[in-house]
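As provided, target-v5.txt (compact mmCIF, C-alpha atoms) reads as follows.
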# COMPACT_ATOMS: atom_id res chain seq x y z
CA MET T 655 0.00 0.00 0.00
CA MET T 656 1.25 3.46 -0.72
CA ASP T 657 1.54 5.95 2.11
CA PRO T 658 -1.07 8.70 1.54
CA ASN T 659 1.28 11.25 3.12
CA LEU T 660 3.71 10.78 0.24
CA ILE T 661 1.19 11.43 -2.54
CA ILE T 662 1.35 14.61 -4.57
CA LYS T 663 -1.61 15.05 -6.93
CA VAL T 664 -1.25 16.53 -10.38
CA LYS T 665 -4.54 17.74 -11.88
CA MET T 666 -5.60 18.32 -15.48
CA ALA T 667 -3.36 21.00 -17.10
CA ASP T 668 -1.05 20.88 -14.09
CA LEU T 669 2.49 19.76 -13.21
CA ASN T 670 4.58 19.09 -10.12
CA VAL T 671 7.95 17.74 -8.98
CA ALA T 672 9.04 15.66 -5.95
CA LYS T 673 12.04 14.11 -4.22
CA SER T 674 12.19 10.51 -2.99
CA PRO T 675 10.08 9.04 -1.42
CA GLY T 676 7.30 11.26 -2.87
CA ILE T 677 4.72 9.70 -5.22
CA LEU T 678 3.41 11.90 -8.02
CA THR T 679 0.01 10.86 -9.34
CA THR T 680 -2.51 12.03 -11.90
CA LEU T 681 -5.98 10.46 -12.09
CA GLY T 682 -8.09 9.57 -15.11
CA LEU T 683 -5.92 10.47 -18.10
CA GLY T 684 -8.01 10.20 -21.26
CA SER T 685 -6.79 11.87 -24.43
CA CYS T 686 -4.42 13.89 -22.24
CA VAL T 687 -0.85 12.64 -21.76
CA GLY T 688 1.07 12.11 -18.53
CA ILE T 689 4.73 13.05 -19.04
CA ALA T 690 6.79 11.44 -16.27
CA LEU T 691 10.43 12.53 -15.92
CA TYR T 692 12.99 11.01 -13.56
CA ASP T 693 16.59 11.58 -12.48
CA PRO T 694 17.65 8.18 -11.07
CA VAL T 695 20.75 9.52 -9.28
CA ALA T 696 19.12 12.43 -7.43
CA LYS T 697 15.88 10.39 -7.15
CA ILE T 698 13.84 13.37 -8.31
CA GLY T 699 10.68 13.02 -10.36
CA GLY T 700 8.38 15.31 -12.29
CA LEU T 701 4.89 14.72 -13.71
CA ALA T 702 2.83 16.83 -16.12
CA HIS T 703 -0.79 16.25 -17.24
CA ILE T 704 -0.91 17.93 -20.64
CA MET T 705 -4.07 18.45 -22.73
CA LEU T 706 -2.89 19.88 -26.03
CA PRO T 707 0.14 19.31 -28.27
CA ASP T 708 1.42 22.74 -29.18
CA SER T 709 1.27 26.12 -27.40
CA THR T 710 2.25 27.98 -30.58
CA GLN T 711 -1.01 26.92 -32.29
CA ILE T 712 -3.20 28.47 -29.58
CA LYS T 713 -3.78 32.17 -29.00
CA ASN T 714 -4.47 32.01 -25.27
CA ASN T 715 -1.43 29.98 -24.17
CA SER T 716 -0.56 31.47 -20.78
CA ASN T 717 -1.32 28.21 -18.93
CA ILE T 718 2.00 26.51 -19.68
CA ALA T 719 1.10 23.22 -17.97
CA LYS T 720 -1.63 22.69 -20.58
CA PHE T 721 0.69 22.12 -23.56
CA ALA T 722 3.23 19.35 -24.23
CA ASP T 723 5.98 21.74 -25.36
CA THR T 724 5.83 24.36 -22.59
CA ALA T 725 5.00 21.89 -19.79
CA THR T 726 8.04 19.71 -20.56
CA VAL T 727 10.43 22.67 -20.50
CA LYS T 728 8.96 23.91 -17.19
CA LEU T 729 9.04 20.43 -15.65
CA ILE T 730 12.76 20.05 -16.40
CA GLU T 731 13.44 23.54 -15.00
CA ASP T 732 11.58 22.75 -11.77
CA MET T 733 13.44 19.43 -11.39
CA ILE T 734 16.82 21.13 -11.87
CA ASN T 735 15.83 23.71 -9.23
CA ILE T 736 15.48 20.97 -6.61
CA GLY T 737 18.71 19.17 -7.57
CA ALA T 738 18.17 17.12 -10.74
CA ARG T 739 20.64 17.16 -13.65
CA LYS T 740 19.28 17.43 -17.17
CA ASP T 741 21.74 14.91 -18.66
CA ARG T 742 20.46 12.22 -16.26
CA ILE T 743 16.73 12.74 -16.80
CA VAL T 744 14.75 9.98 -18.56
CA ALA T 745 11.08 10.01 -19.60
CA LYS T 746 8.06 7.71 -19.55
CA LEU T 747 4.76 8.50 -21.28
CA ALA T 748 1.20 7.33 -20.59
CA GLY T 749 -2.24 8.31 -21.90
CA GLY T 750 -3.22 9.80 -25.26
CA ALA T 751 -6.20 7.46 -25.67
CA GLN T 752 -8.99 7.90 -28.16
CA MET T 753 -11.98 7.67 -25.83
CA PHE T 754 -14.66 7.67 -28.55
CA SER T 755 -14.43 6.12 -31.98
CA PHE T 756 -16.04 7.93 -34.88
CA SER T 757 -16.06 6.58 -38.41
CA GLN T 758 -14.98 9.91 -39.87
CA SER T 759 -11.99 10.43 -37.62
CA SER T 760 -11.90 14.20 -37.56
CA ASP T 761 -9.02 16.27 -36.30
CA LEU T 762 -10.81 16.68 -33.01
CA MET T 763 -10.92 12.94 -32.42
CA ARG T 764 -7.24 12.37 -33.00
CA VAL T 765 -6.07 14.73 -30.28
CA GLY T 766 -4.80 11.84 -28.12
CA ALA T 767 -2.42 10.61 -30.81
CA ARG T 768 -1.31 14.18 -31.52
CA ASN T 769 -0.60 14.74 -27.82
CA VAL T 770 1.62 11.64 -27.75
CA ALA T 771 3.48 12.64 -30.93
CA ALA T 772 4.06 16.18 -29.62
CA SER T 773 5.34 14.86 -26.27
CA GLN T 774 7.78 12.55 -28.07
CA ALA T 775 8.93 15.39 -30.33
CA ILE T 776 9.66 17.87 -27.54
CA LEU T 777 11.50 15.24 -25.45
CA THR T 778 13.63 14.27 -28.45
CA LYS T 779 14.37 17.92 -29.16
CA LEU T 780 15.50 18.43 -25.56
CA GLY T 781 17.63 15.26 -25.65
CA ILE T 782 15.59 13.39 -23.01
CA PRO T 783 15.41 9.64 -23.79
CA ILE T 784 11.96 8.00 -23.63
CA ILE T 785 12.57 4.68 -21.90
CA ALA T 786 8.98 3.37 -21.72
CA SER T 787 5.46 4.22 -22.93
CA ASP T 788 1.89 3.06 -22.50
CA THR T 789 -0.15 5.19 -24.87
CA GLY T 790 -3.08 5.13 -27.28
CA GLU T 791 -5.90 2.55 -27.15
CA ASN T 792 -9.37 3.64 -26.01
CA TYR T 793 -9.35 3.63 -22.22
CA GLY T 794 -8.51 5.94 -19.32
CA ARG T 795 -5.41 5.62 -17.14
CA THR T 796 -4.35 6.68 -13.66
CA VAL T 797 -0.57 6.93 -13.24
CA GLU T 798 1.71 6.94 -10.19
CA LEU T 799 5.39 7.90 -10.43
CA TYR T 800 7.42 6.53 -7.49
CA THR T 801 10.47 8.76 -7.00
CA GLU T 802 12.28 6.14 -4.87
CA ASP T 803 13.01 4.07 -8.00
CA GLY T 804 11.32 5.79 -10.97
CA ARG T 805 8.71 3.11 -11.59
CA LEU T 806 5.49 4.26 -13.25
CA VAL T 807 2.39 2.31 -12.22
CA ILE T 808 -0.60 2.53 -14.57
CA LYS T 809 -4.11 1.66 -13.38
CA THR T 810 -7.19 1.26 -15.57
CA ILE T 811 -10.81 0.17 -15.35
CA GLY T 812 -11.09 -3.26 -16.97
CA HIS T 813 -7.62 -3.27 -18.58
CA GLY T 814 -5.53 -4.23 -15.56
CA ILE T 815 -2.61 -2.65 -13.77
CA LYS T 816 0.86 -2.45 -15.24
CA GLN T 817 4.24 -1.12 -14.34
CA ILE T 818 6.63 0.44 -16.84
CA MET S 1154 -11.98 24.40 -34.26
CA PRO S 1155 -12.06 26.30 -30.99
CA GLY S 1156 -14.88 26.22 -28.43
CA ILE S 1157 -16.12 29.08 -26.30
CA ASP S 1158 -13.81 31.24 -24.23
CA ILE S 1159 -15.93 31.24 -21.11
CA ASP S 1160 -14.18 34.32 -19.76
CA MET S 1161 -15.65 36.31 -22.64
CA LEU S 1162 -19.21 35.75 -21.46
CA ASN S 1163 -21.28 38.22 -19.48
CA THR S 1164 -24.34 37.59 -17.29
CA LEU S 1165 -26.72 37.96 -20.22
CA HIS S 1166 -24.86 35.32 -22.26
CA LEU S 1167 -24.91 32.96 -19.29
CA ASP S 1168 -28.64 33.52 -18.80
CA VAL S 1169 -29.24 32.71 -22.46
CA LEU S 1170 -27.13 29.56 -22.18
CA LYS S 1171 -28.95 28.58 -19.03
CA GLU S 1172 -32.28 29.05 -20.75
CA ILE S 1173 -31.13 26.98 -23.75
CA GLY S 1174 -30.08 24.31 -21.26
CA ASN S 1175 -33.39 24.57 -19.46
CA ILE S 1176 -35.45 24.14 -22.62
CA GLY S 1177 -33.16 21.47 -24.04
CA ALA S 1178 -33.14 19.44 -20.85
CA GLY S 1179 -36.90 19.92 -20.46
CA ASN S 1180 -37.48 18.54 -23.94
CA ALA S 1181 -35.11 15.68 -23.24
CA THR S 1182 -37.00 14.86 -20.06
CA THR S 1183 -40.32 14.77 -21.90
CA ALA S 1184 -38.81 12.43 -24.48
CA LEU S 1185 -37.44 10.21 -21.73
CA ALA S 1186 -40.82 10.11 -19.98
CA GLN S 1187 -42.49 9.04 -23.24
CA MET S 1188 -39.87 6.37 -23.85
CA LEU S 1189 -40.13 4.97 -20.34
CA ASN S 1190 -43.87 5.58 -20.13
CA LYS S 1191 -43.37 7.02 -16.64
CA LYS S 1192 -43.77 10.38 -15.04
CA ILE S 1193 -40.34 11.98 -14.86
CA ASP S 1194 -39.62 15.09 -12.81
CA MET S 1195 -36.82 17.43 -13.72
CA GLY S 1196 -34.93 19.76 -11.40
CA VAL S 1197 -33.94 23.27 -12.50
CA PRO S 1198 -30.79 22.82 -14.58
CA LYS S 1199 -27.63 24.31 -13.14
CA VAL S 1200 -25.01 25.98 -15.29
CA ASN S 1201 -21.57 24.96 -14.04
CA ILE S 1202 -18.44 26.85 -14.95
CA LEU S 1203 -15.31 25.09 -13.80
CA GLU S 1204 -11.56 25.59 -14.04
CA LEU S 1205 -9.90 22.91 -16.19
CA LYS S 1206 -8.08 21.73 -13.05
CA ASN S 1207 -11.36 20.93 -11.34
CA VAL S 1208 -13.33 19.45 -14.23
CA ALA S 1209 -12.59 15.87 -13.25
CA ASP S 1210 -13.81 16.42 -9.69
CA VAL S 1211 -17.48 16.47 -10.65
CA LEU S 1212 -19.22 13.12 -11.16
CA GLY S 1213 -17.69 11.56 -8.04
CA GLY S 1214 -14.01 12.22 -8.76
CA PRO S 1215 -11.63 11.55 -11.67
CA GLU S 1216 -11.49 7.76 -11.18
CA ASN S 1217 -15.23 7.23 -10.76
CA LEU S 1218 -16.73 4.99 -13.45
CA VAL S 1219 -19.13 6.98 -15.65
CA VAL S 1220 -20.95 6.61 -18.96
CA GLY S 1221 -20.23 9.18 -21.65
CA ILE S 1222 -22.25 9.63 -24.83
CA LEU S 1223 -20.68 11.82 -27.50
CA LEU S 1224 -21.92 13.06 -30.85
CA ASP S 1225 -20.66 15.33 -33.56
CA VAL S 1226 -22.79 18.35 -34.39
CA SER S 1227 -22.87 19.84 -37.90
CA GLY S 1228 -25.14 21.91 -40.17
CA ASP S 1229 -25.42 25.65 -39.47
CA ILE S 1230 -23.36 25.15 -36.34
CA SER S 1231 -20.50 22.74 -35.62
CA GLY S 1232 -19.03 21.24 -32.52
CA MET S 1233 -19.78 18.40 -30.12
CA MET S 1234 -22.41 17.44 -27.62
CA MET S 1235 -21.82 15.13 -24.67
CA PHE S 1236 -24.14 13.56 -22.14
CA VAL S 1237 -22.55 12.05 -19.03
CA LEU S 1238 -24.14 9.86 -16.38
CA GLU S 1239 -22.81 8.38 -13.19
CA GLN S 1240 -22.72 4.60 -13.09
CA ARG S 1241 -25.62 4.41 -10.61
CA SER S 1242 -27.79 6.64 -12.80
CA ALA S 1243 -27.06 4.43 -15.81
CA HIS S 1244 -28.21 1.37 -13.84
CA ILE S 1245 -31.45 3.10 -12.84
CA LEU S 1246 -32.29 4.09 -16.43
CA VAL S 1247 -31.60 0.60 -17.76
CA ASN S 1248 -33.48 -1.01 -14.87
CA ILE S 1249 -36.57 1.10 -15.63
CA LEU S 1250 -36.45 0.64 -19.39
CA MET S 1251 -35.52 -3.04 -19.48
CA GLU S 1252 -37.22 -4.05 -16.23
CA ARG S 1253 -33.94 -5.30 -14.87
CA ASP S 1254 -32.25 -5.21 -11.47
CA ILE S 1255 -28.66 -4.29 -12.23
CA HIS S 1256 -26.25 -2.99 -9.62
CA ASP S 1257 -22.94 -3.28 -11.44
CA ILE S 1258 -21.85 -2.34 -14.94
CA SER S 1259 -20.42 -5.85 -15.46
CA GLU S 1260 -24.01 -7.15 -15.39
CA PHE S 1261 -24.97 -5.19 -18.53
CA THR S 1262 -25.86 -7.36 -21.51
CA GLU S 1263 -25.41 -6.15 -25.07
CA LEU S 1264 -29.11 -5.39 -25.16
CA ASP S 1265 -28.84 -3.26 -21.99
CA ILE S 1266 -25.96 -1.36 -23.54
CA SER S 1267 -27.89 -0.64 -26.72
CA ALA S 1268 -30.86 0.45 -24.60
CA LEU S 1269 -28.60 2.90 -22.79
CA GLN S 1270 -27.21 4.12 -26.10
CA GLU S 1271 -30.77 4.66 -27.30
CA ILE S 1272 -31.58 6.66 -24.17
CA GLY S 1273 -28.50 8.79 -24.86
CA ASN S 1274 -29.58 9.15 -28.48
CA ILE S 1275 -33.05 10.34 -27.51
CA LEU S 1276 -31.87 12.70 -24.77
CA THR S 1277 -29.21 14.40 -26.87
CA GLY S 1278 -31.39 14.34 -30.00
CA SER S 1279 -34.31 16.09 -28.29
CA TYR S 1280 -31.95 18.55 -26.61
CA LEU S 1281 -30.51 19.50 -30.00
CA SER S 1282 -33.86 19.61 -31.79
CA SER S 1283 -35.18 22.08 -29.22
CA LEU S 1284 -32.05 24.17 -29.78
CA ALA S 1285 -32.69 24.01 -33.53
CA ALA S 1286 -36.34 25.04 -33.11
CA LEU S 1287 -35.42 27.86 -30.77
CA THR S 1288 -32.70 29.31 -33.02
CA LYS S 1289 -34.20 28.29 -36.39
CA LEU S 1290 -30.77 26.87 -37.26
CA THR S 1291 -30.22 23.55 -39.01
CA ILE S 1292 -28.51 21.19 -36.61
CA ILE S 1293 -27.45 17.71 -37.71
CA SER S 1294 -26.12 15.23 -35.21
CA SER S 1295 -24.04 12.11 -35.82
CA ILE S 1296 -24.83 8.68 -34.37
CA PRO S 1297 -23.76 8.85 -30.73
CA GLN S 1298 -20.75 6.92 -29.48
CA MET S 1299 -20.76 5.58 -25.95
CA ALA S 1300 -17.88 4.86 -23.57
CA PHE S 1301 -17.69 3.57 -19.99
CA ASP S 1302 -14.58 4.76 -18.19
CA MET S 1303 -13.05 7.03 -15.55
CA ALA S 1304 -14.77 10.42 -15.26
CA GLY S 1305 -11.46 12.21 -15.83
CA ALA S 1306 -10.84 10.31 -19.06
CA ILE S 1307 -14.36 10.84 -20.42
CA LEU S 1308 -14.43 14.53 -19.48
CA SER S 1309 -10.98 15.08 -21.01
CA VAL S 1310 -12.69 15.06 -24.43
CA PRO S 1311 -14.85 18.20 -23.92
CA ALA S 1312 -12.21 19.72 -21.61
CA ILE S 1313 -9.62 19.62 -24.41
CA GLU S 1314 -12.02 21.41 -26.77
CA PHE S 1315 -12.68 24.16 -24.22
CA GLY S 1316 -8.95 24.16 -23.39
CA LYS S 1317 -8.12 25.32 -26.92
CA VAL S 1318 -9.43 28.80 -26.15
CA GLY S 1319 -9.46 29.19 -22.38
CA ASP S 1320 -9.09 27.60 -18.98
CA LYS S 1321 -12.73 27.09 -18.11
CA VAL S 1322 -15.41 24.57 -19.04
CA LEU S 1323 -19.15 25.18 -19.13
CA PHE S 1324 -21.77 22.49 -18.74
CA ILE S 1325 -25.36 22.03 -17.73
CA GLU S 1326 -26.27 19.73 -14.89
CA THR S 1327 -29.75 18.22 -14.93
CA GLU S 1328 -31.42 16.01 -12.40
CA PHE S 1329 -34.27 13.67 -13.35
CA ALA S 1330 -36.36 11.73 -10.90
CA GLU S 1331 -38.72 8.81 -11.36
CA GLY S 1332 -40.39 7.97 -8.05
CA ILE S 1333 -37.62 7.73 -5.49
CA ASP S 1334 -34.89 7.09 -8.05
CA HIS S 1335 -32.84 10.15 -8.87
CA VAL S 1336 -30.81 10.24 -12.03
CA THR S 1337 -28.26 13.00 -12.48
CA GLY S 1338 -27.00 13.73 -15.96
CA TYR S 1339 -24.78 16.38 -17.45
CA PHE S 1340 -25.26 17.92 -20.88
CA ILE S 1341 -22.16 19.51 -22.32
CA LEU S 1342 -22.66 21.47 -25.53
CA ILE S 1343 -19.40 22.46 -27.16
CA PRO S 1344 -20.06 24.71 -30.15
CA ASP S 1345 -17.07 26.24 -31.90
CA ILE S 1346 -16.68 30.01 -31.55
CA ASP S 1347 -18.50 30.94 -34.78
CA SER S 1348 -21.36 28.60 -33.91
CA PHE S 1349 -21.66 30.11 -30.49
CA GLU S 1350 -22.01 33.54 -32.06
CA LYS S 1351 -24.61 32.17 -34.49
CA ILE S 1352 -26.66 30.72 -31.64
CA LEU S 1353 -26.62 33.95 -29.67
CA THR S 1354 -27.28 36.13 -32.73
CA SER S 1355 -30.22 33.98 -33.76
CA LEU S 1356 -31.70 34.66 -30.33
CA GLY S 1357 -31.12 38.40 -30.68
CA VAL S 1358 -28.09 38.60 -28.39
CA SER S 1359 -24.71 39.86 -29.54
CA LEU S 1360 -21.40 38.53 -28.34

Using the file provided, produce a representation of the structure as structure tokens.
Amino acid sequence: MMDPNLIIKVKMADLNVAKSPGILTTLGLGSCVGIALYDPVAKIGGLAHIMLPDSTQIKNNSNIAKFADTATVKLIEDMINIGARKDRIVAKLAGGAQMFSFSQSSDLMRVGARNVAASQAILTKLGIPIIASDTGENYGRTVELYTEDGRLVIKTIGHGIKQI
Amino acid sequence: MPGIDIDMLNTLHLDVLKEIGNIGAGNATTALAQMLNKKIDMGVPKVNILELKNVADVLGGPENLVVGILLDVSGDISGMMMFVLEQRSAHILVNILMERDIHDISEFTELDISALQEIGNILTGSYLSSLAALTKLTIISSIPQMAFDMAGAILSVPAIEFGKVGDKVLFIETEFAEGIDHVTGYFILIPDIDSFEKILTSLGVSL
């Protein structure tokens, strides 16, 4: 059982960082993506719950935790501020589901896949390796990032629990 | 295809939206009563405006199992419409319609699921047809798609649309009651910005 005192919640369009033994969690990811970053030496983690791929495509983009590009940059900054080193940080991704299937898959319906692609692109650009992913499909996910060892636990309704 | 920037709205706009919700939900309730052949009472719909951060906290929390019904809206306006029910409310509706006694979603048969989909179809369809009659706009809706999952995951779909233009989400909460059974449902209409203007203009209100 996880100790409730160690849990730090990350809401929709939100991000946070923690040192070991903190547990960062975000509940009910749908088409949004959870970007989990981890420095295994400093045992520092960061988690963002992003909703949209690209802040440059949106006029009102002041909420930086909402977008894959700006949230990732801020998350790395915040981790460095509490002792992480950028060259040690690795990433895991979860979410980006397509919750409803429509025959004419409009732009609006593919936002999950676009969120995943944008998260991968920004991490690659920043030189952060993606060491594991659990993305796509058509179901919601709750994720927990354990900063003691960097494991990411993914919980679902009807699709089991996994650890990446 | 942006939705509405909720921060742009004044009290008059909100009143108009509330009234649209009231009429739409009222029509939907009548349709539901006819379908179930029961007397259904409806509470006064509430217009909820929430920060993106707090969207997933309605409907019993982000991990609570809910039923979401989503359809595409086209014609003179474009966007999406969603109807969301808590698990318990979904059981009650199916139990009334199918004369069943279900207490867990795992007990649903395929027939129960299509009955629920039909309820969603009728509720959203009558909501939209009252909006069309009110505004004299042509509104075409797609066949609804249904999903059972965590509230956070289901609500991420409309939240992302609203998130494209602002940090708030607007939706209309409606409570139905049949006897002692209370069913709470949420209608979320997500017109794009031009459509929103069209709706308001057609009702004689400017944005």

So, counting all atoms listed in the file, which residue among S:Val1247, S:Leu1264, S:Ile1293, S:Ala1209 is closest to chain T?
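Checking each of S:Val1247, S:Leu1264, S:Ile1293, S:Ala1209 against chain T, counting all atoms listed in the file, the winner is S:Ala1209.
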
Sorted per-residue table, chain S near chain T, closest atoms and distance, 8 Å, all atoms listed in the file, as a tab-separated table:
residue	atom	partner	partner_atom	distance
S:Met1154	CA	T:Leu762	CA	7.9
S:Leu1205	CA	T:Met666	CA	6.3
S:Lys1206	CA	T:Met666	CA	4.9
S:Asn1207	CA	T:Lys665	CA	7.5
S:Val1208	CA	T:Met666	CA	7.9
S:Ala1209	CA	T:Met666	CA	7.7
S:Pro1215	CA	T:Gly682	CA	5.3
S:Glu1216	CA	T:Gly682	CA	5.5
S:Leu1218	CA	T:Ile811	CA	7.9
S:Leu1223	CA	T:Phe754	CA	7.4
S:Gln1298	CA	T:Phe754	CA	6.2
S:Met1299	CA	T:Phe754	CA	7.0
S:Ala1300	CA	T:Phe754	CA	6.6
S:Asp1302	CA	T:Gly794	CA	6.3
S:Met1303	CA	T:Gly682	CA	5.6
S:Ala1304	CA	T:Gly682	CA	6.7
S:Gly1305	CA	T:Gly682	CA	4.3
S:Ala1306	CA	T:Gly684	CA	3.6
S:Ile1307	CA	T:Gly684	CA	6.4
S:Leu1308	CA	T:Gly684	CA	7.9
S:Ser1309	CA	T:Gly684	CA	5.7
S:Val1310	CA	T:Ser685	CA	6.7
S:Ile1313	CA	T:Met705	CA	5.9
S:Glu1314	CA	T:Leu762	CA	7.9
S:Gly1316	CA	T:Met705	CA	7.5
S:Lys1317	CA	T:Ile712	CA	6.4
S:Val1318	CA	T:Asn714	CA	6.0
S:Gly1319	CA	T:Asn714	CA	6.4
S:Asp1320	CA	T:Asn717	CA	7.8

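If you count all atoms listed in the file and ignore residues fewer than 3 places along the chain from Val770 of chain T, what sits within 8 Å of it is T:Val687, T:Pro707, T:Leu747, T:Gly749, T:Gly750, T:Gly766, T:Ala767, T:Ser773, T:Gln774, T:Thr789.
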
For a cut-off of 12 Å around (12.2, 17.0, -26.2), file coordinates, pick out all residues using all atoms listed in the file and list them as an mmCIF file with C-alpha atoms, in the coordinates of the input.
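Result file follows (point-v2.cif):
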data_model
loop_
_atom_site.group_PDB
_atom_site.id
_atom_site.type_symbol
_atom_site.label_atom_id
_atom_site.label_comp_id
_atom_site.auth_asym_id
_atom_site.auth_seq_id
_atom_site.Cartn_x
_atom_site.Cartn_y
_atom_site.Cartn_z
ATOM 1 C CA ILE T 689 4.730 13.050 -19.040
ATOM 2 C CA LEU T 691 10.430 12.530 -15.920
ATOM 3 C CA ALA T 722 3.230 19.350 -24.230
ATOM 4 C CA ASP T 723 5.980 21.740 -25.360
ATOM 5 C CA THR T 724 5.830 24.360 -22.590
ATOM 6 C CA ALA T 725 5.000 21.890 -19.790
ATOM 7 C CA THR T 726 8.040 19.710 -20.560
ATOM 8 C CA VAL T 727 10.430 22.670 -20.500
ATOM 9 C CA LYS T 728 8.960 23.910 -17.190
ATOM 10 C CA LEU T 729 9.040 20.430 -15.650
ATOM 11 C CA ILE T 730 12.760 20.050 -16.400
ATOM 12 C CA LYS T 740 19.280 17.430 -17.170
ATOM 13 C CA ILE T 743 16.730 12.740 -16.800
ATOM 14 C CA VAL T 744 14.750 9.980 -18.560
ATOM 15 C CA ALA T 745 11.080 10.010 -19.600
ATOM 16 C CA VAL T 770 1.620 11.640 -27.750
ATOM 17 C CA ALA T 771 3.480 12.640 -30.930
ATOM 18 C CA ALA T 772 4.060 16.180 -29.620
ATOM 19 C CA SER T 773 5.340 14.860 -26.270
ATOM 20 C CA GLN T 774 7.780 12.550 -28.070
ATOM 21 C CA ALA T 775 8.930 15.390 -30.330
ATOM 22 C CA ILE T 776 9.660 17.870 -27.540
ATOM 23 C CA LEU T 777 11.500 15.240 -25.450
ATOM 24 C CA THR T 778 13.630 14.270 -28.450
ATOM 25 C CA LYS T 779 14.370 17.920 -29.160
ATOM 26 C CA LEU T 780 15.500 18.430 -25.560
ATOM 27 C CA GLY T 781 17.630 15.260 -25.650
ATOM 28 C CA ILE T 782 15.590 13.390 -23.010
ATOM 29 C CA PRO T 783 15.410 9.640 -23.790
ATOM 30 C CA ILE T 784 11.960 8.000 -23.630
#

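Among the candidates T:Gly790, T:Gly804, T:Pro658, T:Pro675, the one nearest to Pro694 of chain T when counting all atoms listed in the file is T:Gly804.
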
Under the rule that all atoms listed in the file are counted, which of T:Ile718, T:Ala696, T:Lys746, T:Asp708 is the nearest residue to Lys673 of chain T?
T:Ala696

To one decimal in Å, tell me the separation between atom CA of Ile734 of chain T and atom CA of Ile677 of chain T.
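These atoms are spaced 17.9 Å apart.
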
Could you jot down the atom CA of Ile1341 of chain S to atom CA of Met1235 of chain S separation for me, Å, one decimal place?
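Pair atom CA of Ile1341 of chain S / atom CA of Met1235 of chain S returns 5.0 Å.
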
For a test of reading the model, state the distance in Å between atom CA of Ile1176 of chain S and atom CA of Gln1240 of chain S, rounded to one decimal.
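Taking atom CA of Ile1176 of chain S as the start and atom CA of Gln1240 of chain S as the end point, the length is 25.2 Å.
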
Counting all atoms listed in the file, the option among S:Thr1337, S:Asn1201, S:Ser1355, S:Thr1277 closest to Glu1239 of chain S
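Closest to Glu1239 of chain S of all the choices is S:Thr1337.
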
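By only C-alpha atoms, and with residues fewer than 2 positions from Ile1343 of chain S along its chain excluded, the set lying at most 7 Å from it is Gly1156, Gly1232, Met1233, Met1234, Ile1341 and Asp1345 of chain S.
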